[in-house]
Amino acid sequence: MLTTLSRNWGFLALRGLAAIIFGILALVWPSVTVLASVLLFGAFAFVDGVFSVTTAITSRKQNDYWWPLLFAGVAGILFGLLTWFWPGATALVLVYLIAAWALVTGIFHIVAAIQLRKVMPGEWMLLLSGIAYTIFGIFLMLFPGDGAVGLVWAIGIYAIMVGTWLMIFAFRLKNLEPTHNVTLSSQKLA
């Protein structure tokens, strides 16, 4: 698997570069409408999906665990296409899904903290996280437009971080390739 990854380091680097570009665009132009940001995210999801599918297909003979990457790539392609065909609905649905997730998570954190109060100290940190989740969910429900702009910034920061990590990992794989191939050749001779 490591040999396959090191041979395909360029796909990882391109995924990382695409994520960084998307993140920078999302942060540099915060006044761009949420619809435009959703379209940018759709393009990113599509491109990321194409690279994931390509990596999965090229590694299927050497790697028994290629199929999760294939499914992730197909999901990215489908989500990217859906976003391009229905950008307005995608933006609103995404905000409300995140709001619902935050509310449910917050409520369960609060319930868990109340239950844990009887058996452990420090449960108040879980309670505070539950309250924060709940407030965030309510804010998104009441102000989906403002919440969407905030989400665009959060997604932009996330994309830059993930893209940077992918590029670092890709270049570490590139530098590992000659050493790893020599090690494999040595093991075959022994």
# chains A, B, ... in the order shown; residues from 1 in each chain; ligands from 1

call {"tool": "residues_around", "arguments": {"residues": "A:Ala159", "least_positions_apart": "6", "cutoff": "7 Å", "atoms": "only C-alpha atoms", "output": "list in words"}}
result
Ala19, Ile20, Phe22 and Gly23 of chain A

call {"tool": "select_by_dssp", "arguments": {"residues": "stretch 30-107 of chain A", "states": "helix (DSSP H, G or I)", "output": "NGL selection string"}}
result
:A and (34-59 or 67-85 or 87-107)

call {"tool": "decode", "arguments": {"residues": "stretch 21-59 of chain A", "atoms": "N, CA and C atoms", "output": "compact mmCIF listing (two decimals), in the first residue's frame"}}
result
# COMPACT_ATOMS: atom_id res chain seq x y z
N ILE A 21 -6.46 26.31 -2.51
CA ILE A 21 -6.99 27.36 -3.39
C ILE A 21 -8.44 27.67 -3.03
N PHE A 22 -9.24 26.62 -2.82
CA PHE A 22 -10.63 26.83 -2.43
C PHE A 22 -10.71 27.61 -1.11
N GLY A 23 -9.89 27.22 -0.13
CA GLY A 23 -9.91 27.88 1.17
C GLY A 23 -9.53 29.35 1.09
N ILE A 24 -8.51 29.65 0.29
CA ILE A 24 -8.08 31.04 0.14
C ILE A 24 -9.17 31.87 -0.54
N LEU A 25 -9.78 31.31 -1.60
CA LEU A 25 -10.86 32.03 -2.28
C LEU A 25 -12.03 32.30 -1.34
N ALA A 26 -12.35 31.33 -0.49
CA ALA A 26 -13.46 31.51 0.45
C ALA A 26 -13.15 32.61 1.48
N LEU A 27 -11.88 32.75 1.87
CA LEU A 27 -11.52 33.76 2.86
C LEU A 27 -11.27 35.14 2.26
N VAL A 28 -10.69 35.19 1.06
CA VAL A 28 -10.33 36.46 0.44
C VAL A 28 -11.56 37.23 0.01
N TRP A 29 -12.59 36.53 -0.46
CA TRP A 29 -13.80 37.19 -0.93
C TRP A 29 -14.99 36.85 -0.06
N PRO A 30 -14.98 37.32 1.19
CA PRO A 30 -16.11 36.99 2.07
C PRO A 30 -17.41 37.65 1.62
N SER A 31 -17.30 38.73 0.82
CA SER A 31 -18.52 39.39 0.36
C SER A 31 -19.17 38.65 -0.82
N VAL A 32 -18.46 37.67 -1.37
CA VAL A 32 -19.04 36.88 -2.45
C VAL A 32 -20.27 36.17 -1.89
N THR A 33 -21.29 36.08 -2.68
CA THR A 33 -22.52 35.47 -2.17
C THR A 33 -22.28 34.04 -1.72
N VAL A 34 -23.14 33.59 -0.85
CA VAL A 34 -23.06 32.21 -0.37
C VAL A 34 -23.26 31.24 -1.52
N LEU A 35 -24.08 31.62 -2.48
CA LEU A 35 -24.28 30.74 -3.64
C LEU A 35 -22.98 30.51 -4.40
N ALA A 36 -22.20 31.58 -4.58
CA ALA A 36 -20.92 31.43 -5.27
C ALA A 36 -19.98 30.54 -4.45
N SER A 37 -20.00 30.70 -3.15
CA SER A 37 -19.16 29.87 -2.30
C SER A 37 -19.60 28.41 -2.35
N VAL A 38 -20.91 28.19 -2.41
CA VAL A 38 -21.42 26.82 -2.54
C VAL A 38 -20.95 26.23 -3.87
N LEU A 39 -20.98 27.03 -4.93
CA LEU A 39 -20.51 26.55 -6.23
C LEU A 39 -19.02 26.22 -6.18
N LEU A 40 -18.25 27.06 -5.49
CA LEU A 40 -16.82 26.77 -5.33
C LEU A 40 -16.62 25.46 -4.57
N PHE A 41 -17.41 25.29 -3.51
CA PHE A 41 -17.31 24.05 -2.74
C PHE A 41 -17.72 22.85 -3.60
N GLY A 42 -18.77 23.03 -4.42
CA GLY A 42 -19.18 21.95 -5.32
C GLY A 42 -18.08 21.58 -6.29
N ALA A 43 -17.39 22.58 -6.81
CA ALA A 43 -16.26 22.32 -7.71
C ALA A 43 -15.15 21.59 -6.97
N PHE A 44 -14.86 22.02 -5.76
CA PHE A 44 -13.84 21.36 -4.95
C PHE A 44 -14.22 19.91 -4.68
N ALA A 45 -15.48 19.66 -4.28
CA ALA A 45 -15.94 18.30 -3.99
C ALA A 45 -15.83 17.43 -5.23
N PHE A 46 -16.17 18.00 -6.39
CA PHE A 46 -16.10 17.25 -7.65
C PHE A 46 -14.66 16.89 -7.99
N VAL A 47 -13.76 17.88 -7.96
CA VAL A 47 -12.35 17.64 -8.29
C VAL A 47 -11.72 16.67 -7.30
N ASP A 48 -12.00 16.86 -6.02
CA ASP A 48 -11.48 15.95 -5.00
C ASP A 48 -11.99 14.53 -5.27
N GLY A 49 -13.26 14.41 -5.64
CA GLY A 49 -13.83 13.10 -5.94
C GLY A 49 -13.15 12.44 -7.14
N VAL A 50 -12.88 13.22 -8.18
CA VAL A 50 -12.21 12.68 -9.37
C VAL A 50 -10.83 12.15 -9.00
N PHE A 51 -10.07 12.93 -8.21
CA PHE A 51 -8.74 12.47 -7.81
C PHE A 51 -8.82 11.24 -6.91
N SER A 52 -9.81 11.17 -6.05
CA SER A 52 -9.97 9.98 -5.19
C SER A 52 -10.30 8.75 -6.02
N VAL A 53 -11.21 8.89 -6.98
CA VAL A 53 -11.56 7.75 -7.84
C VAL A 53 -10.33 7.31 -8.64
N THR A 54 -9.59 8.26 -9.18
CA THR A 54 -8.39 7.94 -9.96
C THR A 54 -7.38 7.19 -9.11
N THR A 55 -7.15 7.66 -7.90
CA THR A 55 -6.21 7.00 -7.00
C THR A 55 -6.70 5.59 -6.66
N ALA A 56 -7.98 5.43 -6.40
CA ALA A 56 -8.53 4.12 -6.06
C ALA A 56 -8.37 3.15 -7.22
N ILE A 57 -8.70 3.60 -8.41
CA ILE A 57 -8.62 2.71 -9.58
C ILE A 57 -7.19 2.31 -9.88
N THR A 58 -6.25 3.26 -9.77
CA THR A 58 -4.86 2.92 -10.07
C THR A 58 -4.23 2.03 -9.00
N SER A 59 -4.80 1.99 -7.81
CA SER A 59 -4.20 1.18 -6.74
C SER A 59 -4.98 -0.11 -6.46
